Every structure is written in C-alpha cells, then in structure tokens.
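Visitor: Pasting a structure here, questions to come.
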Amino acid sequence: MRHLAYISLMLVIHAVLPAASATHAQFLPGPDVSTTVAVADLDADGILDIVSSAAGRKVDDVAIAFGAGDSAFETEQFFPAGELTVDLVIGDVNSDQRPDILTANFGSDDVSVLENLGNRNFQLSSSWPVGDQPISLVLADVNGDNLKDVITANRGSRDVSVLLAQLNGQFQPQRRFALDRTPTALIVADLNGNGVPDIAVSSIGLFSGEVTILSGSGDGSFRLNRRLSAKDGPLSLVAADLNADGATDLVTTNFFSSDVSIILSSGRGGFLSPQRYAVGDAPLSAVVADLNADGLPDLVTANYLDGDLSVLLGRGRGAFQSQTRVDTDDGPVALTIADLNRDGALDLITANTNIISRSVSILLGNGDGTFQAEQRLR
C-alpha cells in the first residue's frame, strides 16, 4: 500500500506548495478522504465521540462516531459540511451549552457552522466567507470579550482571516492579515507573555519553511512581528510550554526532512534557534502531552508515508528522547489525543487517508508512554 500512500501524498503536497496560479482544482482528494480529526462529548452522555472529515464521500461530509463506552464506538453518521473540508474544530458558538462543529472548507473559501441541535443531530446553519483556500482553522477569543472567534490560514490568498464573534452566535465580516508565504497551519497563543493572544503561522516555500509571528493588539487586530526559520517544509504547528518556564514554545513537523523543529521561547516574544529530532517519513501532524505521567511533555507525530507514529518522550528542559514507533493504518494525516476509555491514560487517535480509502485509528495508552495495538473504526 506504500505506493498508494505516495500517490495520495503527492495530492497533499500539491495542496500546500505555492503555485503561480492557485485554483481549487489543485487539491484533488481521492474518492474517500479524511484530513482532520477531533474528539469531544457531543451528546452530553459523558462519553467522548470522534469527529473526522469525509471529503469526497457523497458530497463533503463530517463523520461522527458516537462513543459507546469502554473505547467502543457506534457506526459513523455523516452530516453535510462545506466543499472540501480540510480542518475542523469543536466549540459552543451560540452559547446553548452544546458543542458545535466548525469546518474550514478549502473548496468554497468559507467556514461552516454545524449547529448541535441535541439528540445527536447537527444542521449546517451558516457559512462565513474567509480568504482563498482556508487550510487551517482555530477557535479562540482574540479580543477579550469571552466569545470564541474564528481564525483561518488561507493558502490561496496567503493571509489570515479573523472573524470576531457576536453574542447571537454570528460572526462579524472577516479582517485579513497578509503573509509573505503560503501558510500550512496556525495556532493562537500568548507568545510574548503580555496576556494578549498572538498568532503563529507555519508557511512553506519550495523545500523550505518558516514560522511567522503576528502579535495581537487585544482588539482582534494583528501586526507582523517576526519570522522564524523552521527548516524543510513545516506542515503542522503546535504550541506548548516544553521546558516549564511559563513561556509558550513551538513545534513544527518538517515534511521534507522527516523531523521536527523544537523552537523554545527565550522570553518576551523571542525564540531560540530550532533543535531538530528525527521522526518517521513525511510527518503531517503532531501533539504534545504527558504520556507517561512523569510531569514532562512528550511529543507524537503522524508519519504519512511510513503509516505509523513517532513517540518522543520528554527529558525535561525542552529536550526529548529518540523516537519509538507505533503502527497505524496507511497514511495517517491528522492526530489528536484524549482518554477515550477513562482509565487515566491518554490515547491516540489518527485520521488516515490513502488514494482509495479513509479510516480512523485508535491506539489505547498504557500510561507509560507505550500503546496497545491499533483498533480501527472502519
């Protein structure tokens, strides 16, 4: 299956690399493709559910596998979303105490809101224009009004869209903030310790990359602050305090060099030179969490061409041990983490895609940084 994964990977590359003339046809997923995965209790039964994208199936759907307890899941249900959903987040946008699903739609240049109606029903209630080809989506309060705003990184227009939330569950028209290079992912965090959210965007050129820092003003506006080298093809970006100094550090997965860059904060918005650690072939996603309960952050990457995960246990002070590998289904493209079976150990969940199929893998954690054999939803 490695040759099929390679063909599908070329489609992913085509989606994120710069092009002289960007068109929606440049991202051509296979007949059944998943690009993102998230976990939340959607039906208030105390059991976590898994949400993933299902672009190319029927129209463009969001797939929900409702939890049945003890890490078992019911058959997926599909709900229509926007055109070519490439990212999604979960949050209560209308203050009804039910988590809604928001999708970034690469094909229709917008963000869709799937309203949680209760009783496991979701309805596409609204769509909001953003920049061309949104490829990454975050829900965060960027202006201090305690409402979750929408932020997207837009591949086609090379910019960031910010849509401020309103009390009625609606959003103000987007504000756009230009980037110099093609974005691949973004995060929102306080990067300079002033209590105001900032934006970091990973971006890619031909076999090179960087992280752009946009400093927040506190009113939902941002200004270019600095650019950081991220080496070869950063396709995902994670923010976490890796060395327990109270400052936010950054991690990129580097697609072409098959490694990660650890970019430690030097304080007040400055960053040190990246430290690099080898992982598997073509890493596309990463998470940071304490997997072995030693109080130190650990790192996991999803390695697309190898069909596995790299687990790097933390050594403290922002350093990591060499990787160990854990198998998933072919073509893991997205990764998240949660305690699915409520045993106190964190589990790993991946969305997987090759040229002919999609799947979701579950790897139950043992609590010591190791994981049980993969279970597959389908």
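Identifiers in this document derive from the order of the structure tokens: chains are assigned A, B, ..., residues are numbered from 1 separately in each chain, and ligands are numbered from 1 in order of occurrence.
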Do you know which residues are at most 9 Å from Asp241 (chain A) counting only C-alpha atoms, after dropping those on the same chain fewer than 4 positions away, and could you put them as a ChimeraX atom specification?

Guide: /A:245-250,264-265,297,318

Visitor: Give me, as a PyMOL selection string, all polymer residues having an atom no more than 10 Å from Pro274 (chain A), counting only C-alpha atoms and skipping those fewer than 2 positions away in the same chain.

Guide: chain A and resi 228-231+250-252+260-264+271-272+276-277

Visitor: Taking the DSSP assignment computed from this structure's backbone, write out as a VMD selection string all residues of region 77-122 of chain A that belong to strand (DSSP E).

Guide: chain A and resid 77 to 80 85 to 91 100 to 105 110 to 118 121 to 122

Visitor: Using only C-alpha atoms for the distances, tell me which of A:Gln323, A:Asn116, A:Asn225, A:Thr370 is nearest to Ile213 (chain A).

Guide: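 That would be A:Asn225, the residue with the smallest distance to Ile213 (chain A).
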
Visitor: So how many Å separate CA of Glu374 (chain A) and CA of Arg342 (chain A), to one decimal?

Guide: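 Between CA of Glu374 (chain A) and CA of Arg342 (chain A) the gap works out to 17.5 Å.
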
Visitor: For region 134-173 of chain A versus region 183-202 of chain A, which residues have an atom no more than 8 Å away, and what is each residue's nearest atom pair and distance in Å rounded to one decimal, using only C-alpha atoms, chain-then-number order, as CSV?

Guide:
residue,atom,partner,partner_atom,distance
A:Ile135,CA,A:Thr184,CA,6.5
A:Ser136,CA,A:Ala185,CA,5.1
A:Leu137,CA,A:Leu186,CA,7.4
A:Val138,CA,A:Ile187,CA,6.8
A:Ala140,CA,A:Val188,CA,7.0
A:Asp141,CA,A:Pro197,CA,7.9
A:Val142,CA,A:Pro197,CA,5.7
A:Thr152,CA,A:Leu186,CA,7.5
A:Ala153,CA,A:Pro183,CA,6.1
A:Asn154,CA,A:Pro183,CA,6.6
A:Arg155,CA,A:Pro183,CA,5.4
A:Arg158,CA,A:Pro183,CA,6.3
A:Asp159,CA,A:Pro183,CA,7.5

Visitor: Could you save those same residues with all heavy atoms as a short mmCIF file (atom, residue, chain, number, x, y, z; two decimals), in the first residue's frame?

Guide:
data_model
loop_
_atom_site.label_atom_id
_atom_site.label_comp_id
_atom_site.auth_asym_id
_atom_site.auth_seq_id
_atom_site.Cartn_x
_atom_site.Cartn_y
_atom_site.Cartn_z
N ILE A 135 -6.94 26.50 4.96
CA ILE A 135 -6.32 25.19 5.17
C ILE A 135 -6.15 24.86 6.65
O ILE A 135 -5.85 23.73 7.02
CB ILE A 135 -4.97 25.13 4.43
CG1 ILE A 135 -4.55 23.69 4.18
CG2 ILE A 135 -3.89 25.92 5.17
CD1 ILE A 135 -3.44 23.54 3.16
N SER A 136 -6.33 25.84 7.54
CA SER A 136 -6.19 25.62 8.97
C SER A 136 -7.18 26.52 9.70
O SER A 136 -7.41 27.66 9.29
CB SER A 136 -4.76 25.91 9.43
OG SER A 136 -4.56 25.61 10.80
N LEU A 137 -7.76 26.01 10.78
CA LEU A 137 -8.85 26.69 11.49
C LEU A 137 -8.64 26.61 12.99
O LEU A 137 -8.31 25.55 13.52
CB LEU A 137 -10.19 26.04 11.11
CG LEU A 137 -11.44 26.43 11.87
CD1 LEU A 137 -11.79 27.90 11.64
CD2 LEU A 137 -12.62 25.54 11.44
N VAL A 138 -8.83 27.75 13.66
CA VAL A 138 -8.74 27.81 15.13
C VAL A 138 -9.92 28.60 15.64
O VAL A 138 -10.39 29.55 15.01
CB VAL A 138 -7.42 28.49 15.57
CG1 VAL A 138 -7.43 28.80 17.07
CG2 VAL A 138 -6.22 27.61 15.22
N ALA A 140 -10.81 30.75 18.97
CA ALA A 140 -10.16 31.33 20.16
C ALA A 140 -10.67 32.74 20.37
O ALA A 140 -11.06 33.43 19.41
CB ALA A 140 -8.65 31.33 20.00
N ASP A 141 -10.66 33.21 21.61
CA ASP A 141 -11.04 34.59 21.94
C ASP A 141 -9.83 35.48 21.75
O ASP A 141 -8.89 35.45 22.54
CB ASP A 141 -11.55 34.65 23.38
CG ASP A 141 -11.92 36.07 23.81
OD1 ASP A 141 -12.01 36.95 22.94
OD2 ASP A 141 -12.14 36.28 25.02
N VAL A 142 -9.82 36.29 20.69
CA VAL A 142 -8.67 37.13 20.41
C VAL A 142 -8.88 38.60 20.78
O VAL A 142 -7.96 39.40 20.64
CB VAL A 142 -8.25 37.03 18.92
CG1 VAL A 142 -7.83 35.62 18.58
CG2 VAL A 142 -9.36 37.52 17.99
N THR A 152 -8.56 31.69 10.46
CA THR A 152 -8.13 30.72 9.45
C THR A 152 -6.83 31.17 8.80
O THR A 152 -6.56 32.36 8.68
CB THR A 152 -9.18 30.54 8.35
OG1 THR A 152 -9.31 31.75 7.59
CG2 THR A 152 -10.53 30.14 8.92
N ALA A 153 -6.03 30.20 8.38
CA ALA A 153 -4.89 30.43 7.50
C ALA A 153 -5.33 30.04 6.09
O ALA A 153 -5.84 28.93 5.88
CB ALA A 153 -3.69 29.61 7.93
N ASN A 154 -5.13 30.95 5.13
CA ASN A 154 -5.67 30.77 3.80
C ASN A 154 -4.54 30.57 2.79
O ASN A 154 -3.74 31.48 2.55
CB ASN A 154 -6.50 31.98 3.41
CG ASN A 154 -7.54 32.32 4.47
OD1 ASN A 154 -8.27 31.45 4.92
ND2 ASN A 154 -7.59 33.57 4.89
N ARG A 155 -4.49 29.38 2.21
CA ARG A 155 -3.41 29.01 1.31
C ARG A 155 -3.42 29.85 0.03
O ARG A 155 -2.40 30.38 -0.40
CB ARG A 155 -3.51 27.54 0.94
CG ARG A 155 -2.54 27.11 -0.15
CD ARG A 155 -3.10 25.94 -0.94
NE ARG A 155 -2.16 25.45 -1.93
CZ ARG A 155 -2.10 25.87 -3.19
NH1 ARG A 155 -2.92 26.82 -3.60
NH2 ARG A 155 -1.23 25.36 -4.04
N ARG A 158 -2.78 33.61 0.69
CA ARG A 158 -1.60 33.84 1.54
C ARG A 158 -1.88 34.90 2.61
O ARG A 158 -1.19 35.91 2.72
CB ARG A 158 -0.41 34.27 0.68
CG ARG A 158 0.11 33.19 -0.24
CD ARG A 158 1.42 33.61 -0.88
NE ARG A 158 1.94 32.57 -1.75
CZ ARG A 158 3.13 32.62 -2.36
NH1 ARG A 158 3.91 33.66 -2.17
NH2 ARG A 158 3.52 31.65 -3.14
N ASP A 159 -2.87 34.61 3.43
CA ASP A 159 -3.20 35.53 4.50
C ASP A 159 -3.93 34.80 5.61
O ASP A 159 -4.16 33.58 5.54
CB ASP A 159 -4.01 36.73 3.99
CG ASP A 159 -5.30 36.32 3.26
OD1 ASP A 159 -5.75 35.17 3.41
OD2 ASP A 159 -5.84 37.17 2.53
#

Visitor: What does the distance from CA of Pro332 (chain A) to CA of Tyr304 (chain A) come to in Å, to one decimal?

Guide: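 CA of Tyr304 (chain A) lies 5.0 Å from CA of Pro332 (chain A).
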
Visitor: One number please: CA of Leu214 (chain A) to CA of Gly270 (chain A), in Å, one decimal.

Guide: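 According to the coordinates, CA of Leu214 (chain A) and CA of Gly270 (chain A) are separated by 12.6 Å.
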
Visitor: Which polymer residues have any atom within 12 Å of an atom of Gln97 (chain A), counting only C-alpha atoms, with same-chain residues fewer than 2 positions away left out, as JSON, numbers by chain?

Guide: {"A": [41, 42, 43, 44, 91, 92, 93, 94, 95, 99, 100, 115, 116, 117, 118]}

Visitor: When you count only C-alpha atoms, which of these residues is closest to Leu167 (chain A): A:Glu83, A:Asp96, A:Asp132, A:Glu210?

Guide: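 Once distances to Leu167 (chain A) are computed over only C-alpha atoms, the minimum belongs to A:Asp96.
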
Visitor: Name all residues at most 8 Å from Leu164 (chain A) (count only C-alpha atoms; drop same-chain ones fewer than 3 positions away) and give them as a PyMOL selection string.

Guide: chain A and resi 142-143+148-150+171-174+220
